[in-house]
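> Here you go, one structure.
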Amino acid sequence: MKNNITKILFGVAIIAFGILFLGVALEFWDINSLHGLWTLIIIIPSIGSMISSGVNVWNTALGALGIWLFIKERGLFAEDKFNAITLSIILIGLGFWIIFGSIKKKKKVINSQNGFSEGNTESRPEYFAIFSGSEQKNISNDFKGGSALAIFGGIDVDLSSACLISNAEFSANAIFGGIEITVPENARIEVNGFALLGGCDNTAPLNNNLSLPTLKINYFAFCGGIDIKRKSL
C-alpha cells in the first residue's frame with residue numbers, strides 16, 4: 001500500500017509539471033509563475049522517503065530544506081528577515097549536532113575501551129553520507145534496526161556480524177547516491193520499497209528458516225541505487 005501511495009504521489013507530480021509547462025507553451029501563464037518549483041526535486045523525494053521508509057530525522061530535514069528554499073525562491077519573506085532566520089536555524093542545528101555528536105563519540109570511546117574496537121554496537125544505528133562516502137560495520141548483539149541516508153554520496157553498511165534476537169527494520173534512502181547493505185547471516189531478509197530513476201539489487205540468497213528473525217529492509221531510491229547482499233565466504 002505504501003509503495004502504491006508513493007507511485008501515485010510521483011505520478012501526480014509528473015502530471016502537474018506537464019500541465020504547468022503545457023500552460024506556458026499555450027501562453028496561459030508565463031514562466032515566471034513557475035519560479036521556485038525546482039525545489040520540488042528536493043521536497044518530493046523527502047515525502048516519498050517518509051511514505052516508503054517512515055519518518056526520520058534525515059528525510060524530515062531534507063523536506064524542511066526543500067520547503068525553505070521554495071519560500072526563499074518565491075520571495076515570501078524579505079531578504080534581510082530570511083537571512084536572519086536562516087542563520088538562526090543553522091546555529092540551532094549546529095548546536096544539536098555538536099551535542100549529539102559528542103554523545104555518540106563518547107559511546108564509541110567507551111566501546112573501544114571495552115574491547116569493541118571494530119565496528120559499533122548500537123542496536124539502532126543511523127548512518128548518513130552527504131557529498132561523501134562512508135563505511136560502517138555493526139556488531140551489535142541485539143540489533144533492532146536503523147537507517148542509512150545517502151545524498152550525493154555512498155554508504156557501505158556491513159551488518160554481517162550483527163545479531164538479531166527478534167524482528168527488525170532497516171530504512172535505506174538513496175538520493176543521487178548509493179547504499180550497499182551486507183545483511184546478517186542469522187536472519188531472513190524481506191525487502192520492500194520504491195525507486196524512481198534508480199533501483200534496488202537484492203542478491204542475498206533466500207532463507208526459508210522460519211525459526212530465524214526477519215530483517216525487513218525498506219528502501220527509497222531517487223536517481224540512486226540500493227545493493228543488498230550477504231557476505232561472501
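We name chains A, B, ... following the order of the C-alpha cells; residues begin at 1 in each chain, and ligands are numbered from 1 as shown.
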So that I can check the secondary structure, give me every residue of stretch 100-224 of chain A assigned helix (DSSP H, G or I) by backbone DSSP, as a list in words.

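Written out, the helix (DSSP H, G or I) residues of stretch 100-224 of chain A are Phe100, Gly101, Ser102, Ile103, Lys104, Lys105, Lys106, Lys107, Lys108, Val109, Ile110, Asn111, Ser112 and Gln113 of chain A.
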
> What's the 10 Å shell around A:Arg124, counting only C-alpha atoms, without same-chain residues fewer than 6 positions away, as a PyMOL selection string?

chain A and resi 138+140+142-147+168-170

> Identify, on the basis of only C-alpha atoms, every residue whose closest approach to A:Ile179 does not exceed 8 Å; exclude the query and any residue fewer than 3 positions from it along the same chain; express the result as a ChimeraX atom specification.

/A:148-150,154-157,172-174,225-227
